[in-house]
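> Dumping the structure here so I can ask a few things about it.
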Amino acid sequence: MPFLKRHKIPEEIENYINVICILDAVRVGRFKRLRELQDYIEKLDLEKKVPEFKWKTLKGDIESLLSLPGKSPSLRRFTSILPILNTLITLSFLIMIVLATLNTLSPKIITFNLHDVLMTIIFITGGLLVARWYMEEKIKEFYEESQKKKLRLGKINQMIIDKLLNVISEKKISIEKVRLKLFNIDYKGIIVLKKPSFFREHYLVKLNVKENIKG
């Protein structure tokens with residue numbers, strides 16, 4: 001699910017949020033289920049509710065962005081290797097935590113040179129982190145070539161966010177406990193709660209209904 005919800009919310013609001021999170025993910029090439037997006041858009045009838053929203057044009061931009069990896073062998077390779085790197089990095093940290101814990105609680109169990117083992121794991125993990133950073137930068141550079149389409153998607157997404165905030169205000173719906181997972185935060189009407197971390201690639205945000213009311 002593109003967003004996190006801690007309590008039940010109206011289907012209309014949920015559909016809006018799904019569209020927002022999906023379009024945001026598309027801007028960084030992270031979502032490919034176009035049919036799912038189209039279903040939400042049709043349920044909301046966004047072409048009538050949001051100015052400048054044209055599904056045919058939007059679909060073309062999305063397909064163009066999502067097809068970018070296929071145009072570059074190196075990018076295809078990077079996008080396929082990144083999940084493996086993330087798994088290996090996570091495992092490395094877990095192994096270090098387990099070894100350190102065992103050494104503290106039951107030092108007699110450790111029959112090898114813990115310092116050398118930890119240094120080796122740290123060295124390998126450092127190499128994996130550098131490799132991940134390099135690949136992420138290359139992917140980022142590649143997608144920046146389609147900046148105009150990404151900016152247009154961002155502009156449309158902002159319109160949808162504005163429309164959603166208006167609906168929430170008009171219907172007095174509580175969405176205080178709803179959290180959105182976004183990769184971009186260049187939107188008005190959101191509050192960033194958590195930044196990306198080692199274990200999380202996205203921002204955790206909530207909607208700022210009060211800002212919309214003031215605006």
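By order in the structure tokens, chains are A, B, ...; within a chain, residues start at 1; ligands start at 1, following the order shown.
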So which residues touch Ile89 in chain A within 9 Å, counting only C-alpha atoms, skipping near sequence neighbours fewer than 2 positions away, as a ChimeraX atom specification?

/A:84-87,91-94,124-126,128-129

> Please produce a file of the residues just selected, as a compact mmCIF listing (two decimals), in the first residue's frame, where the atoms kept are N, CA, C and O atoms.


# COMPACT_ATOMS: atom_id res chain seq x y z
N ILE A 84 19.60 -6.17 -4.04
CA ILE A 84 20.53 -7.16 -3.48
C ILE A 84 21.51 -6.47 -2.53
O ILE A 84 21.80 -6.97 -1.43
N LEU A 85 22.02 -5.31 -2.94
CA LEU A 85 22.94 -4.56 -2.09
C LEU A 85 22.27 -4.17 -0.78
O LEU A 85 22.88 -4.28 0.30
N ASN A 86 21.03 -3.70 -0.86
CA ASN A 86 20.31 -3.31 0.35
C ASN A 86 20.16 -4.48 1.31
O ASN A 86 20.31 -4.33 2.53
N THR A 87 19.88 -5.65 0.76
CA THR A 87 19.74 -6.85 1.60
C THR A 87 21.06 -7.22 2.26
O THR A 87 21.12 -7.52 3.46
N LEU A 91 21.94 -7.27 6.26
CA LEU A 91 22.46 -8.48 6.89
C LEU A 91 23.78 -8.21 7.61
O LEU A 91 24.03 -8.73 8.70
N SER A 92 24.63 -7.40 7.00
CA SER A 92 25.92 -7.08 7.61
C SER A 92 25.73 -6.39 8.96
O SER A 92 26.40 -6.74 9.95
N PHE A 93 24.82 -5.42 9.00
CA PHE A 93 24.57 -4.72 10.25
C PHE A 93 23.96 -5.65 11.30
O PHE A 93 24.31 -5.58 12.48
N LEU A 94 23.07 -6.52 10.86
CA LEU A 94 22.45 -7.46 11.79
C LEU A 94 23.49 -8.41 12.38
O LEU A 94 23.47 -8.72 13.58
N ILE A 124 33.70 -4.61 4.49
CA ILE A 124 32.82 -5.08 3.40
C ILE A 124 31.56 -4.21 3.32
O ILE A 124 31.14 -3.81 2.23
N THR A 125 30.99 -3.90 4.49
CA THR A 125 29.77 -3.07 4.51
C THR A 125 30.05 -1.69 3.94
O THR A 125 29.23 -1.13 3.20
N GLY A 126 31.22 -1.14 4.27
CA GLY A 126 31.59 0.16 3.73
C GLY A 126 31.66 0.13 2.21
O GLY A 126 31.19 1.05 1.53
N LEU A 128 30.02 -1.91 0.27
CA LEU A 128 28.65 -2.05 -0.23
C LEU A 128 27.93 -0.71 -0.21
O LEU A 128 27.18 -0.37 -1.13
N LEU A 129 28.15 0.07 0.85
CA LEU A 129 27.52 1.39 0.96
C LEU A 129 28.00 2.33 -0.13
O LEU A 129 27.21 3.08 -0.71

> What residues in range 21-177 of chain A get the DSSP label alpha helix (DSSP H)? Please answer as a VMD selection string.

chain A and resid 21 to 26 34 to 44 46 to 49 55 to 66 73 to 105 114 to 144 147 to 171

> Please provide the set of residues having any atom within 10 Å of Asp162 in chain A, restricted to only C-alpha atoms, with same-chain residues fewer than 3 positions apart removed, written as a PDB file with N, CA and C atoms, in the first residue's frame.


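Final output, result_23.pdb:
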ATOM      1  N   VAL A  50     -10.000  18.287 -11.320  1.00  0.00           N
ATOM      2  CA  VAL A  50      -8.703  18.971 -11.227  1.00  0.00           C
ATOM      3  C   VAL A  50      -8.356  19.632 -12.563  1.00  0.00           C
ATOM      4  N   ILE A 156       1.053  18.488 -11.315  1.00  0.00           N
ATOM      5  CA  ILE A 156      -0.259  17.837 -11.292  1.00  0.00           C
ATOM      6  C   ILE A 156      -0.539  17.252  -9.916  1.00  0.00           C
ATOM      7  N   ASN A 157       0.488  16.659  -9.322  1.00  0.00           N
ATOM      8  CA  ASN A 157       0.311  16.071  -7.996  1.00  0.00           C
ATOM      9  C   ASN A 157      -0.032  17.141  -6.967  1.00  0.00           C
ATOM     10  N   GLN A 158       0.568  18.321  -7.119  1.00  0.00           N
ATOM     11  CA  GLN A 158       0.251  19.422  -6.206  1.00  0.00           C
ATOM     12  C   GLN A 158      -1.213  19.825  -6.336  1.00  0.00           C
ATOM     13  N   MET A 159      -1.716  19.842  -7.561  1.00  0.00           N
ATOM     14  CA  MET A 159      -3.131  20.162  -7.775  1.00  0.00           C
ATOM     15  C   MET A 159      -4.032  19.144  -7.074  1.00  0.00           C
ATOM     16  N   LEU A 165      -7.025  18.428   0.051  1.00  0.00           N
ATOM     17  CA  LEU A 165      -7.104  19.249   1.260  1.00  0.00           C
ATOM     18  C   LEU A 165      -8.423  20.019   1.319  1.00  0.00           C
ATOM     19  N   ASN A 166      -8.890  20.470   0.163  1.00  0.00           N
ATOM     20  CA  ASN A 166     -10.188  21.161   0.118  1.00  0.00           C
ATOM     21  C   ASN A 166     -11.327  20.222   0.499  1.00  0.00           C
ATOM     22  N   VAL A 167     -11.267  19.007  -0.033  1.00  0.00           N
ATOM     23  CA  VAL A 167     -12.308  18.009   0.274  1.00  0.00           C
ATOM     24  C   VAL A 167     -12.306  17.689   1.762  1.00  0.00           C
ATOM     25  N   ILE A 168     -11.109  17.513   2.318  1.00  0.00           N
ATOM     26  CA  ILE A 168     -10.984  17.198   3.747  1.00  0.00           C
ATOM     27  C   ILE A 168     -11.541  18.334   4.601  1.00  0.00           C
ATOM     28  N   TYR A 187       6.236  19.698  -2.217  1.00  0.00           N
ATOM     29  CA  TYR A 187       4.803  19.979  -2.288  1.00  0.00           C
ATOM     30  C   TYR A 187       4.399  20.907  -1.145  1.00  0.00           C
ATOM     31  N   LYS A 188       3.386  21.711  -1.400  1.00  0.00           N
ATOM     32  CA  LYS A 188       2.776  22.500  -0.335  1.00  0.00           C
ATOM     33  C   LYS A 188       1.668  21.663   0.294  1.00  0.00           C
ATOM     34  N   GLY A 189       1.409  21.916   1.570  1.00  0.00           N
ATOM     35  CA  GLY A 189       0.320  21.210   2.226  1.00  0.00           C
ATOM     36  C   GLY A 189       0.719  19.898   2.870  1.00  0.00           C
ATOM     37  N   VAL A 209      -3.630  20.181   6.815  1.00  0.00           N
ATOM     38  CA  VAL A 209      -4.943  20.752   6.489  1.00  0.00           C
ATOM     39  C   VAL A 209      -5.043  22.194   6.957  1.00  0.00           C
ATOM     40  N   ASN A 212      -3.765  24.698   4.510  1.00  0.00           N
ATOM     41  CA  ASN A 212      -4.686  24.889   3.388  1.00  0.00           C
ATOM     42  C   ASN A 212      -5.823  25.828   3.762  1.00  0.00           C
TER      43      ASN A 212
END

> Pick out the closest residue to Glu141 in chain A from this set: A:His115, A:Val28, A:Phe183, A:Ile160. Count only C-alpha atoms.

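Closest to Glu141 in chain A of all the choices is A:Val28.
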
> Can you pull out every residue within 6 Å of range 32-48 of chain A, counting only C-alpha atoms, but drop anything in the same chain fewer than 4 positions away, and send it as an NGL selection string?

:A and (15 or 53-54)

> Name all residues at most 12 Å from Leu180 in chain A (count only C-alpha atoms; drop same-chain ones fewer than 2 positions away) and give them as a short mmCIF file (atom, residue, chain, number, x, y, z; two decimals) with N, CA and C atoms, in the first residue's frame.


data_model
loop_
_atom_site.label_atom_id
_atom_site.label_comp_id
_atom_site.auth_asym_id
_atom_site.auth_seq_id
_atom_site.Cartn_x
_atom_site.Cartn_y
_atom_site.Cartn_z
N MET A 1 0.84 -1.19 0.00
CA MET A 1 0.00 0.00 0.00
C MET A 1 0.88 1.25 0.00
N PRO A 2 0.57 2.25 -0.84
CA PRO A 2 1.42 3.44 -0.95
C PRO A 2 1.45 4.31 0.30
N PHE A 3 0.48 4.16 1.21
CA PHE A 3 0.49 5.00 2.39
C PHE A 3 0.10 4.19 3.61
N LEU A 4 0.31 4.78 4.77
CA LEU A 4 -0.01 4.10 6.02
C LEU A 4 -1.23 4.74 6.64
N LYS A 5 -2.17 3.94 7.09
CA LYS A 5 -3.33 4.52 7.76
C LYS A 5 -3.52 3.83 9.10
N ARG A 6 -3.74 4.63 10.11
CA ARG A 6 -3.88 4.09 11.47
C ARG A 6 -5.35 3.94 11.86
N GLU A 14 -9.02 7.94 0.64
CA GLU A 14 -8.01 6.90 0.42
C GLU A 14 -7.57 6.87 -1.04
N TYR A 16 -7.67 9.38 -3.20
CA TYR A 16 -6.85 10.57 -3.45
C TYR A 16 -5.41 10.33 -2.99
N ILE A 17 -5.27 9.81 -1.79
CA ILE A 17 -3.94 9.60 -1.22
C ILE A 17 -3.16 8.58 -2.04
N ASN A 18 -3.84 7.53 -2.49
CA ASN A 18 -3.17 6.54 -3.33
C ASN A 18 -2.65 7.16 -4.62
N VAL A 19 -3.47 8.00 -5.24
CA VAL A 19 -3.04 8.67 -6.48
C VAL A 19 -1.82 9.54 -6.21
N ILE A 20 -1.86 10.30 -5.12
CA ILE A 20 -0.75 11.20 -4.77
C ILE A 20 0.54 10.41 -4.56
N CYS A 21 0.46 9.34 -3.79
CA CYS A 21 1.66 8.55 -3.49
C CYS A 21 2.19 7.84 -4.73
N ILE A 22 1.27 7.37 -5.58
CA ILE A 22 1.70 6.67 -6.79
C ILE A 22 2.38 7.63 -7.76
N ASP A 24 3.82 10.37 -7.07
CA ASP A 24 5.10 10.76 -6.48
C ASP A 24 6.16 9.68 -6.73
N ALA A 25 5.77 8.43 -6.57
CA ALA A 25 6.71 7.33 -6.80
C ALA A 25 7.13 7.24 -8.26
N ILE A 161 -3.18 17.29 -4.47
CA ILE A 161 -3.04 17.51 -3.03
C ILE A 161 -3.94 18.67 -2.59
N ILE A 175 -7.83 13.23 9.38
CA ILE A 175 -6.79 12.41 8.76
C ILE A 175 -5.48 12.56 9.55
N GLU A 176 -5.62 12.93 10.83
CA GLU A 176 -4.46 13.21 11.66
C GLU A 176 -3.50 12.02 11.75
N LYS A 177 -4.05 10.81 11.77
CA LYS A 177 -3.20 9.63 11.94
C LYS A 177 -2.77 8.99 10.62
N VAL A 178 -3.13 9.61 9.51
CA VAL A 178 -2.75 9.07 8.21
C VAL A 178 -1.34 9.53 7.85
N LEU A 182 6.31 9.35 0.75
CA LEU A 182 6.67 10.11 -0.45
C LEU A 182 8.18 10.10 -0.67
N PHE A 183 8.56 10.13 -1.94
CA PHE A 183 9.98 10.22 -2.29
C PHE A 183 10.39 11.67 -2.54
N ASN A 184 9.40 12.52 -2.83
CA ASN A 184 9.66 13.94 -3.07
C ASN A 184 8.87 14.75 -2.04
N ILE A 185 9.44 15.86 -1.62
CA ILE A 185 8.74 16.69 -0.63
C ILE A 185 8.63 18.14 -1.12
N ILE A 190 2.02 19.68 3.05
CA ILE A 190 2.47 18.47 3.74
C ILE A 190 3.44 18.85 4.86
N ILE A 191 3.55 17.98 5.83
CA ILE A 191 4.50 18.16 6.92
C ILE A 191 5.38 16.91 6.98
N VAL A 192 6.68 17.10 6.90
CA VAL A 192 7.61 15.97 6.94
C VAL A 192 7.79 15.53 8.39
N LEU A 193 7.51 14.26 8.65
CA LEU A 193 7.66 13.70 9.99
C LEU A 193 8.98 12.96 10.15
N LYS A 194 9.35 12.22 9.11
CA LYS A 194 10.61 11.47 9.16
C LYS A 194 11.29 11.52 7.79
N HIS A 202 11.97 6.36 1.72
CA HIS A 202 11.03 7.46 1.50
C HIS A 202 10.92 8.38 2.72
N TYR A 203 10.26 9.52 2.50
CA TYR A 203 9.89 10.41 3.59
C TYR A 203 8.55 9.96 4.15
N LEU A 204 8.38 10.14 5.44
CA LEU A 204 7.08 9.88 6.06
C LEU A 204 6.46 11.25 6.34
N VAL A 205 5.31 11.52 5.76
CA VAL A 205 4.71 12.85 5.89
C VAL A 205 3.23 12.74 6.25
N LYS A 206 2.68 13.87 6.68
CA LYS A 206 1.24 13.94 6.89
C LYS A 206 0.73 15.19 6.20
N LEU A 207 -0.56 15.23 5.96
CA LEU A 207 -1.17 16.37 5.28
C LEU A 207 -1.37 17.52 6.26
N ASN A 208 -1.11 18.72 5.79
CA ASN A 208 -1.26 19.91 6.63
C ASN A 208 -2.55 20.64 6.25
#

> Enter the distance from CA of Ile95 in chain A to CA of Glu136 in chain A, in Å, rounded to one decimal.

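These atoms are spaced 24.5 Å apart.
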
> Do you have the CA of Lys49 in chain A-CA of Lys163 in chain A distance handy?

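It comes out at 7.9 Å.
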
> Would you please give, as a PyMOL selection string, all residues of range 87-194 of chain A that DSSP assigns to strand (DSSP E) based on the backbone?

chain A and resi 179-182+190-194

> Give me a file of those residues, with C-alpha atoms, as a PDB file, in the first residue's frame.


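out.pdb written:
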ATOM      1  CA  ARG A 179       0.864   8.921   7.048  1.00  0.00           C
ATOM      2  CA  LEU A 180       1.974   9.181   3.423  1.00  0.00           C
ATOM      3  CA  LYS A 181       5.147   7.646   2.033  1.00  0.00           C
ATOM      4  CA  LEU A 182       6.666  10.105  -0.448  1.00  0.00           C
ATOM      5  CA  ILE A 190       2.474  18.475   3.743  1.00  0.00           C
ATOM      6  CA  ILE A 191       4.501  18.159   6.925  1.00  0.00           C
ATOM      7  CA  VAL A 192       7.612  15.973   6.943  1.00  0.00           C
ATOM      8  CA  LEU A 193       7.657  13.701   9.991  1.00  0.00           C
ATOM      9  CA  LYS A 194      10.608  11.467   9.158  1.00  0.00           C
TER      10      LYS A 194
END

> How many Å lie between CA of Glu170 in chain A and CA of Glu11 in chain A, rounded to one decimal?

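Taking CA of Glu170 in chain A as the start and CA of Glu11 in chain A as the end point, the length is 15.8 Å.
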
> Counting only C-alpha atoms, figure out which residue out of A:Asp186, A:Arg132, A:Thr111, A:Ser106 gets nearest to Leu153 in chain A.

A:Asp186

> Give me, as a PyMOL selection string, all polymer residues having an atom no more than 12 Å from Ile97 in chain A, counting only C-alpha atoms and skipping those fewer than 6 positions away in the same chain.

chain A and resi 90-91+103-104+118+121-122
